[in-house]
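Content type mmCIF, C-alpha atoms, pLDDT in the B column; chains and numbers go by the auth columns, from the file input.cif:
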data_target
#
loop_
_atom_site.group_PDB
_atom_site.id
_atom_site.type_symbol
_atom_site.label_atom_id
_atom_site.label_comp_id
_atom_site.label_asym_id
_atom_site.label_seq_id
_atom_site.Cartn_x
_atom_site.Cartn_y
_atom_site.Cartn_z
_atom_site.B_iso_or_equiv
_atom_site.auth_seq_id
_atom_site.auth_asym_id
ATOM 1 C CA MET A 1 -21.138 -1.990 148.375 60.00 730 O
ATOM 2 C CA GLU A 2 -20.452 1.705 149.002 82.00 731 O
ATOM 3 C CA LYS A 3 -17.601 0.828 151.333 80.00 732 O
ATOM 4 C CA GLU A 4 -15.830 -1.157 148.598 84.00 733 O
ATOM 5 C CA ILE A 5 -16.022 1.836 146.247 86.00 734 O
ATOM 6 C CA LEU A 6 -15.442 4.577 148.810 88.00 735 O
ATOM 7 C CA GLU A 7 -12.367 3.101 150.542 90.00 736 O
ATOM 8 C CA PRO A 8 -10.060 2.900 147.498 88.00 737 O
ATOM 9 C CA LEU A 9 -11.167 6.332 146.315 88.00 738 O
ATOM 10 C CA LEU A 10 -10.547 7.864 149.740 88.00 739 O
ATOM 11 C CA LYS A 11 -7.139 6.160 150.029 88.00 740 O
ATOM 12 C CA GLN A 12 -6.090 7.379 146.603 88.00 741 O
ATOM 13 C CA THR A 13 -7.147 10.942 147.404 88.00 742 O
ATOM 14 C CA LEU A 14 -5.335 10.984 150.747 82.00 743 O
ATOM 15 C CA ASP A 15 -2.163 9.469 149.233 84.00 744 O
ATOM 16 C CA GLU A 16 -2.146 12.120 146.482 85.00 745 O
ATOM 17 C CA ARG A 17 -2.553 14.919 149.043 83.00 746 O
ATOM 18 C CA ALA A 18 0.173 13.460 151.294 79.00 747 O
ATOM 19 C CA ASN A 19 2.588 13.176 148.342 82.00 748 O
ATOM 20 C CA SER A 20 1.905 16.762 147.335 85.00 749 O
ATOM 21 C CA LEU A 21 3.055 18.068 150.747 82.00 750 O
ATOM 22 C CA PRO A 22 6.484 19.737 150.934 87.00 751 O
ATOM 23 C CA GLY A 23 9.409 17.536 152.033 83.00 752 O
ATOM 24 C CA HIS A 24 9.951 19.170 155.439 86.00 753 O
ATOM 25 C CA ILE A 25 6.271 18.605 156.367 83.00 754 O
ATOM 26 C CA GLN A 26 6.413 14.971 155.233 83.00 755 O
ATOM 27 C CA SER A 27 9.558 14.519 157.330 86.00 756 O
ATOM 28 C CA ALA A 28 7.904 16.110 160.382 86.00 757 O
ATOM 29 C CA LEU A 29 4.851 13.867 159.975 83.00 758 O
ATOM 30 C CA THR A 30 7.058 10.770 159.691 85.00 759 O
ATOM 31 C CA GLN A 31 8.955 11.761 162.849 88.00 760 O
ATOM 32 C CA ALA A 32 5.688 12.394 164.694 88.00 761 O
ATOM 33 C CA ARG A 33 4.344 8.966 163.681 86.00 762 O
ATOM 34 C CA TYR A 34 7.573 7.279 164.798 87.00 763 O
ATOM 35 C CA SER A 35 7.511 9.145 168.116 87.00 764 O
ATOM 36 C CA ALA A 36 3.875 8.155 168.738 86.00 765 O
ATOM 37 C CA VAL A 37 4.582 4.496 168.000 85.00 766 O
ATOM 38 C CA MET A 38 7.648 4.481 170.282 85.00 767 O
ATOM 39 C CA SER A 39 5.833 6.169 173.177 84.00 768 O
ATOM 40 C CA ALA A 40 2.966 3.687 172.878 80.00 769 O
ATOM 41 C CA SER A 41 5.358 0.731 172.999 80.00 770 O
ATOM 42 C CA GLU A 42 7.167 2.229 176.023 79.00 771 O
ATOM 43 C CA ALA A 43 3.850 2.714 177.826 76.00 772 O
ATOM 44 C CA LYS A 44 3.005 -0.917 177.135 76.00 773 O
ATOM 45 C CA LYS A 45 6.374 -2.018 178.549 75.00 774 O
ATOM 46 C CA LYS A 46 5.752 0.031 181.701 74.00 775 O
ATOM 47 C CA ARG A 47 2.316 -1.538 182.179 75.00 776 O
ATOM 48 C CA THR A 48 3.776 -5.009 181.707 76.00 777 O
ATOM 49 C CA THR A 49 6.535 -4.252 184.216 76.00 778 O
ATOM 50 C CA TRP A 50 3.987 -3.049 186.767 78.00 779 O
ATOM 51 C CA LEU A 51 1.848 -6.124 186.154 80.00 780 O
ATOM 52 C CA TRP A 52 4.714 -8.571 186.722 81.00 781 O
ATOM 53 C CA GLY A 53 5.951 -6.573 189.690 83.00 782 O
ATOM 54 C CA GLY A 54 2.506 -6.608 191.262 84.00 783 O
ATOM 55 C CA MET A 55 2.114 -10.331 190.713 86.00 784 O
ATOM 56 C CA ALA A 56 5.537 -11.023 192.247 88.00 785 O
ATOM 57 C CA THR A 57 4.699 -8.871 195.259 89.00 786 O
ATOM 58 C CA ALA A 58 1.354 -10.616 195.766 89.00 787 O
ATOM 59 C CA ALA A 59 3.012 -14.035 195.533 90.00 788 O
ATOM 60 C CA SER A 60 5.698 -13.026 198.036 89.00 789 O
ATOM 61 C CA ILE A 61 3.145 -11.725 200.530 89.00 790 O
ATOM 62 C CA THR A 62 1.031 -14.862 200.157 88.00 791 O
ATOM 63 C CA LEU A 63 4.051 -17.090 200.741 87.00 792 O
ATOM 64 C CA ALA A 64 5.131 -15.061 203.771 87.00 793 O
ATOM 65 C CA VAL A 65 1.654 -15.270 205.328 85.00 794 O
ATOM 66 C CA LEU A 66 1.443 -19.009 204.716 82.00 795 O
ATOM 67 C CA LEU A 67 4.864 -19.627 206.256 83.00 796 O
ATOM 68 C CA TRP A 68 4.244 -17.272 209.165 81.00 797 O
ATOM 69 C CA GLN A 69 1.021 -18.920 210.320 78.00 798 O
ATOM 70 C CA PRO A 70 1.667 -20.949 213.474 73.00 799 O
ATOM 71 C CA VAL A 71 0.976 -24.645 213.214 67.00 800 O
ATOM 72 C CA PRO A 72 -0.935 -25.819 216.275 66.00 801 O
ATOM 73 C CA PHE A 73 0.861 -28.634 218.066 61.00 802 O
ATOM 74 C CA ASN A 74 -0.892 -30.706 220.670 61.00 803 O
ATOM 75 C CA PRO A 75 1.334 -33.477 222.047 56.00 804 O
ATOM 76 C CA THR A 76 -1.634 -35.286 223.609 57.00 805 O
ATOM 77 C CA ASP A 77 -3.189 -35.779 220.190 56.00 806 O
ATOM 78 C CA GLN A 78 0.019 -37.291 218.936 54.00 807 O
ATOM 79 C CA GLY A 79 0.002 -39.724 221.871 52.00 808 O
ATOM 80 C CA LEU A 80 -3.467 -40.875 220.911 53.00 809 O
ATOM 81 C CA VAL A 81 -2.302 -41.479 217.386 58.00 810 O
ATOM 82 C CA PHE A 82 0.508 -43.708 218.635 63.00 811 O
ATOM 83 C CA GLU A 83 -1.910 -45.633 220.881 63.00 812 O
ATOM 84 C CA ASP A 84 -4.185 -46.242 217.921 63.00 813 O
ATOM 85 C CA MET A 85 -1.208 -47.362 215.851 66.00 814 O
ATOM 86 C CA ASP A 86 -0.258 -49.834 218.563 65.00 815 O
ATOM 87 C CA LEU A 87 -3.813 -51.129 218.582 65.00 816 O
ATOM 88 C CA LEU A 88 -3.814 -51.582 214.802 67.00 817 O
ATOM 89 C CA ALA A 89 -0.353 -53.132 214.744 69.00 818 O
ATOM 90 C CA ALA A 90 -1.154 -55.654 217.484 66.00 819 O
ATOM 91 C CA GLU A 91 -1.440 -59.223 216.370 64.00 820 O
ATOM 92 C CA ASP A 92 -4.241 -59.960 218.829 63.00 821 O
ATOM 93 C CA GLU A 93 -7.677 -60.347 217.434 66.00 822 O
ATOM 94 C CA LEU A 94 -9.788 -57.227 217.245 66.00 823 O
ATOM 95 C CA GLY A 95 -12.563 -59.085 219.035 70.00 824 O
ATOM 96 C CA PHE A 96 -10.489 -59.005 222.229 71.00 825 O
ATOM 97 C CA TYR A 97 -10.566 -55.195 222.201 68.00 826 O
ATOM 98 C CA VAL A 98 -14.297 -55.154 221.464 72.00 827 O
ATOM 99 C CA ASP A 99 -14.884 -57.457 224.438 77.00 828 O
ATOM 100 C CA LEU A 100 -12.636 -55.320 226.597 78.00 829 O
ATOM 101 C CA GLU A 101 -14.642 -52.230 225.650 81.00 830 O
ATOM 102 C CA PHE A 102 -17.886 -54.053 226.486 83.00 831 O
ATOM 103 C CA ILE A 103 -16.529 -55.109 229.879 84.00 832 O
ATOM 104 C CA ALA A 104 -15.491 -51.530 230.642 85.00 833 O
ATOM 105 C CA TRP A 105 -18.994 -50.346 229.684 84.00 834 O
ATOM 106 C CA LEU A 106 -20.623 -52.940 231.955 84.00 835 O
ATOM 107 C CA ASP A 107 -18.342 -51.923 234.809 84.00 836 O
ATOM 108 C CA GLU A 108 -19.313 -48.291 234.292 85.00 837 O
ATOM 109 C CA ILE A 109 -23.025 -49.129 234.373 85.00 838 O
ATOM 110 C CA GLU A 110 -22.702 -51.252 237.528 83.00 839 O
ATOM 111 C CA GLY A 111 -20.714 -48.507 239.226 77.00 840 O
ATOM 112 C CA SER A 112 -23.290 -45.825 238.434 74.00 841 O
ATOM 113 C CA GLY A 113 -26.400 -47.926 239.036 60.00 842 O
#
Can you give me the file's structure in the form of structure tokens?
Amino acid sequence: MEKEILEPLLKQTLDERANSLPGHIQSALTQARYSAVMSASEAKKKRTTWLWGGMATAASITLAVLLWQPVPFNPTDQGLVFEDMDLLAAEDELGFYVDLEFIAWLDEIEGSG
């Protein structure tokens, strides 16, 4: 309740005092306010520029590191992939390959035992 009464009274008093100041002082105060507002907006622009510049630099470094990393290439692995593809693409029954694997296992056991 006090705030509602005190604020308008304080504003009225300050406005009366500001209007009673000489013209050259009012002009100097207006120029000082304008200068403060402009310097604050310039500081904000500089911060924004630094922010975007930093983000662009970080993105560039990340991209360079990702592109620079060597991709391991093992041609033997690729050969195995093609063998598996041939196996899957064959029209023979899969049971034939299961039997073949079983026969190879039996041969291995007989050879070692």
- Message: Could you tell me how far CA of Ala765 in chain O sits from CA of Lys740 in chain O, in Å to one decimal place?
- Response: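 CA of Lys740 in chain O sits 21.8 Å away from CA of Ala765 in chain O.
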- What is the CA of Ala769 in chain O-CA of Gln741 in chain O distance in Å, reported with one decimal? 28.0 Å
- Item | Å distance separating CA of Ala757 in chain O from CA of Leu743 in chain O, one decimal place |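 Interatomic distance, CA of Ala757 in chain O to CA of Leu743 in chain O: 17.2 Å.
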